Amino acid sequence: MIRILHVVSSLEYGGGVQTVLYNYYNNIKNEDICFDFIVHGHKRGKYEELFEAMGSKIIHVTPKKISIIKNIKEIDSALSMKDYDIVHTHQNLSSGIPLLLAKLRGIPIRISHSHGYKKNSSLLQTIQELPLRSLNNIVSNYKFACGKDAGKWLFGDSWEENERNIIMYNAIDLSKYFYNQQIRQDYRRRLNLHNKFAMIHVGRLSDEKNQEFSIEILEKILSIEPNTVLLLVGAGDNEEKLRKIVKKKGLNNHIKYLGIRNDVSSLMNAADILLLPSINEGLGMVAVEAQICKLKVLASDNVPKATKLSNLIEYLPLDNNINVWIEKIINSKLYDRNIQVNDTKFNNYSITVQAQKYEEWIRNKVENNRRKEIKSI
């Protein structure tokens with residue numbers, strides 16, 4: 001049995017990291033590969049039942065912000081419970097402590113995985129983050145990232161893909177996102193989008209996802225295209241604030257709050273353009289999914305260019321005149337979604353392809369380490 005301990009913030013449904021791990025685990029031969037999890041906090045996430053059904057053990061620990069001493073002790077106790085081959089952390093700058101404990105426990109394969117990217121960091125913030133980055137780099141012996149920008153952000157500008165620096169794509173079942181005219185018709189009927197121009201914004205309702213900008217676009221575009229609606233997909237702390245803004249602007253009849261959904265691909269079929277005006281964006285997987293669905297994407301230039309898999313996506317600065325955004329959106333109405341899109345780059349995001357690569361990597365590294373251990377006896 002190959003045992004891997006993943007360290008995550010939560011296993012709540014809708015999180016990007018959690019979804020990636022579920023997709024990979026669900027697509028590898030997990031009869032002899034076991035994913036266990038350390039979760040920060042004691043709230044049970046919706047993914048827990050799914051992982052437990054596949055044989056995973058979920059270990060909840062005290063978050064650092066409550067007690068760093070308890071956090072360290074509980075993580076160390078979890079590491080001692082089983083003979084883990086790999087510790088794979090998914091907490092960006094906070095990954096150093098569990099990896100240090102794993103190193104002290106003699107766990108041979110220690111992966112720090114960068115899921116984040118922030119375009120603009122102040123000098124003060126860079127200095128404050130330096131100890132965390134240094135610890136992370138020292139105690140990890142493999143450095144994973146969802147893309148090159150994420151790798152350089154966490155591990156330094158010298159990070160380049162090689163034997164120890166691995167891009168692990170946020171892979172998905174591509175077939176679920178293929179454009180389907182029948183699904184489009186069905187969902188537009190369900191959502192009452194007949195004769196409507198539908199913009200969609202998918203993401204956590206938070207400051208960094210910048211739904212306020214999408215609402216501002218909606219307000220201004222209605223004078224040109226009065227049948228426009230905005231589909232807000234997601235939940236978060238800003239929901240009440242956003243609802244107040246929408247009500248104050250008199251836009252209630254032009255916005256649909258759709259919450260957290262498991263049918264995002266179908267909603268993308270129903271929509272006419274995806275807005276992604278993020279202030280910060282780790283990768284922007286939703287932009288990848290949209291392109292697979294042949295949906296036009298208008299994103300801020302804070303979204304990593306690794307998301308450019310086709311000519312369907314365009315990037316604009318947030319400080320641009322908003323009329324430039326609106327002009328691009330109006331022009332997108334001329335796009336025919338039935339045309340052929342060059343999809344050669346999409347294979348990087350195929351879970352079938354990427355899960356096989358991850359599984360082969362795991363088996364090779366673990367077998368090599370076990371041979372070394374036998375020789376040293």
# chains A, B, ... in the order shown; residues from 1 in each chain; ligands from 1
call {"tool": "residues_around", "arguments": {"residues": "Ser278 (chain A)", "least_positions_apart": "2", "cutoff": "8 Å", "atoms": "only C-alpha atoms", "output": "PyMOL selection string"}}
result
chain A and resi 208-210+276+280-281+299-300+302-303
call {"tool": "closest_atom_pairs", "arguments": {"of": "region 4-28 of chain A", "to": "region 125-147 of chain A", "cutoff": "12 Å", "atoms": "only C-alpha atoms", "output": "CSV"}}
result
residue,atom,partner,partner_atom,distance
A:Gly16,CA,A:Cys146,CA,11.0
A:Val17,CA,A:Cys146,CA,10.0
A:Val20,CA,A:Cys146,CA,10.1
call {"tool": "closest_residue", "arguments": {"among": "A:Asp83, A:Glu240, A:Asp36, A:Asp149", "to": "Gly282 (chain A)", "atoms": "only C-alpha atoms"}}
result
A:Asp149
call {"tool": "residues_around", "arguments": {"residues": "region 261-267 of chain A", "least_positions_apart": "5", "cutoff": "9 Å", "atoms": "only C-alpha atoms", "output": "VMD selection string"}}
result
chain A and resid 14 176 to 180 183 to 184 187 to 188 200 202 231 233 to 234 289 to 290 293
call {"tool": "write_last_selection", "arguments": {"atoms": "C-alpha atoms", "output": "mmCIF file, in the first residue's frame"}}
result
data_model
loop_
_atom_site.group_PDB
_atom_site.id
_atom_site.type_symbol
_atom_site.label_atom_id
_atom_site.label_comp_id
_atom_site.auth_asym_id
_atom_site.auth_seq_id
_atom_site.Cartn_x
_atom_site.Cartn_y
_atom_site.Cartn_z
ATOM 1 C CA GLY A 14 -16.805 23.990 -4.160
ATOM 2 C CA LYS A 176 -18.486 17.380 -19.142
ATOM 3 C CA TYR A 177 -17.597 20.825 -20.471
ATOM 4 C CA PHE A 178 -18.014 20.259 -24.193
ATOM 5 C CA TYR A 179 -20.490 22.678 -25.741
ATOM 6 C CA ASN A 180 -23.929 21.117 -26.212
ATOM 7 C CA ILE A 183 -28.159 21.623 -22.923
ATOM 8 C CA ARG A 184 -27.987 25.310 -23.835
ATOM 9 C CA TYR A 187 -30.963 25.561 -19.364
ATOM 10 C CA ARG A 188 -31.918 28.821 -21.004
ATOM 11 C CA ILE A 200 -21.900 34.685 -16.108
ATOM 12 C CA VAL A 202 -18.350 32.064 -11.383
ATOM 13 C CA LEU A 231 -25.675 35.015 -13.526
ATOM 14 C CA VAL A 233 -22.548 31.528 -9.399
ATOM 15 C CA GLY A 234 -20.978 31.014 -5.983
ATOM 16 C CA GLU A 289 -13.562 25.355 -18.319
ATOM 17 C CA ALA A 290 -15.298 28.126 -20.240
ATOM 18 C CA CYS A 293 -17.286 24.962 -23.475
#
call {"tool": "residues_around", "arguments": {"residues": "Met199 (chain A)", "least_positions_apart": "4", "cutoff": "6 Å", "atoms": "only C-alpha atoms", "output": "PyMOL selection string"}}
result
chain A and resi 230+271-274
call {"tool": "residues_around", "arguments": {"residues": "Asn195 (chain A)", "least_positions_apart": "3", "cutoff": "10 Å", "atoms": "only C-alpha atoms", "output": "PyMOL selection string"}}
result
chain A and resi 188+192+198+227-228
call {"tool": "write_last_selection", "arguments": {"atoms": "C-alpha atoms", "output": "PDB file, in the first residue's frame"}}
result
ATOM      1  CA  ARG A 188     -31.918  28.821 -21.004  1.00  0.00           C
ATOM      2  CA  ASN A 192     -35.922  32.091 -18.295  1.00  0.00           C
ATOM      3  CA  ALA A 198     -26.459  36.229 -20.384  1.00  0.00           C
ATOM      4  CA  ASN A 227     -32.101  42.390 -22.182  1.00  0.00           C
ATOM      5  CA  THR A 228     -28.809  41.641 -20.433  1.00  0.00           C
TER       6      THR A 228
END
call {"tool": "residues_around", "arguments": {"residues": "Val246 (chain A)", "least_positions_apart": "3", "cutoff": "12 Å", "atoms": "only C-alpha atoms", "output": "ChimeraX atom specification"}}
result
/A:211-219,230,232,239-243,249-257
call {"tool": "select_by_dssp", "arguments": {"residues": "region 228-260 of chain A", "states": "strand (DSSP E)", "output": "JSON list (two decimals) with N, CA and C atoms, in the first residue's frame"}}
result
[["chain", "number", "residue", "atom", "x", "y", "z"],
["A", 228, "THR", "N", -29.96, 42.30, -21.05],
["A", 228, "THR", "CA", -28.81, 41.64, -20.43],
["A", 228, "THR", "C", -29.14, 41.17, -19.02],
["A", 229, "VAL", "N", -28.64, 39.97, -18.66],
["A", 229, "VAL", "CA", -28.74, 39.48, -17.29],
["A", 229, "VAL", "C", -27.36, 39.00, -16.85],
["A", 230, "LEU", "N", -27.14, 39.00, -15.55],
["A", 230, "LEU", "CA", -25.89, 38.53, -14.96],
["A", 230, "LEU", "C", -26.19, 37.33, -14.07],
["A", 231, "LEU", "N", -25.54, 36.21, -14.35],
["A", 231, "LEU", "CA", -25.67, 35.02, -13.53],
["A", 231, "LEU", "C", -24.51, 34.98, -12.55],
["A", 232, "LEU", "N", -24.79, 35.10, -11.27],
["A", 232, "LEU", "CA", -23.75, 35.04, -10.24],
["A", 232, "LEU", "C", -23.74, 33.64, -9.64],
["A", 233, "VAL", "N", -22.67, 32.90, -9.88],
["A", 233, "VAL", "CA", -22.55, 31.53, -9.40],
["A", 233, "VAL", "C", -21.50, 31.49, -8.29],
["A", 255, "ILE", "N", -30.36, 40.21, -12.36],
["A", 255, "ILE", "CA", -29.35, 39.35, -11.74],
["A", 255, "ILE", "C", -30.00, 38.10, -11.17],
["A", 256, "LYS", "N", -29.34, 36.97, -11.39],
["A", 256, "LYS", "CA", -29.79, 35.71, -10.81],
["A", 256, "LYS", "C", -28.68, 35.20, -9.90],
["A", 257, "TYR", "N", -29.01, 35.05, -8.62],
["A", 257, "TYR", "CA", -28.05, 34.49, -7.65],
["A", 257, "TYR", "C", -28.23, 32.97, -7.64],
["A", 258, "LEU", "N", -27.24, 32.26, -8.15],
["A", 258, "LEU", "CA", -27.39, 30.82, -8.36],
["A", 258, "LEU", "C", -26.69, 29.98, -7.30],
["A", 259, "GLY", "N", -25.90, 30.63, -6.41],
["A", 259, "GLY", "CA", -25.26, 29.89, -5.32],
["A", 259, "GLY", "C", -24.20, 28.92, -5.80]]
call {"tool": "closest_residue", "arguments": {"among": "A:Leu79, A:Leu283, A:Met54, A:Cys34", "to": "Lys118 (chain A)", "atoms": "only C-alpha atoms"}}
result
A:Leu283
call {"tool": "residues_around", "arguments": {"residues": "region 21-30 of chain A", "least_positions_apart": "5", "cutoff": "7 Å", "atoms": "only C-alpha atoms", "output": "PyMOL selection string"}}
result
chain A and resi 172+351-352+355-356+359
call {"tool": "select_by_dssp", "arguments": {"residues": "region 19-259 of chain A", "states": "helix (DSSP H, G or I)", "output": "count of residues only"}}
result
108
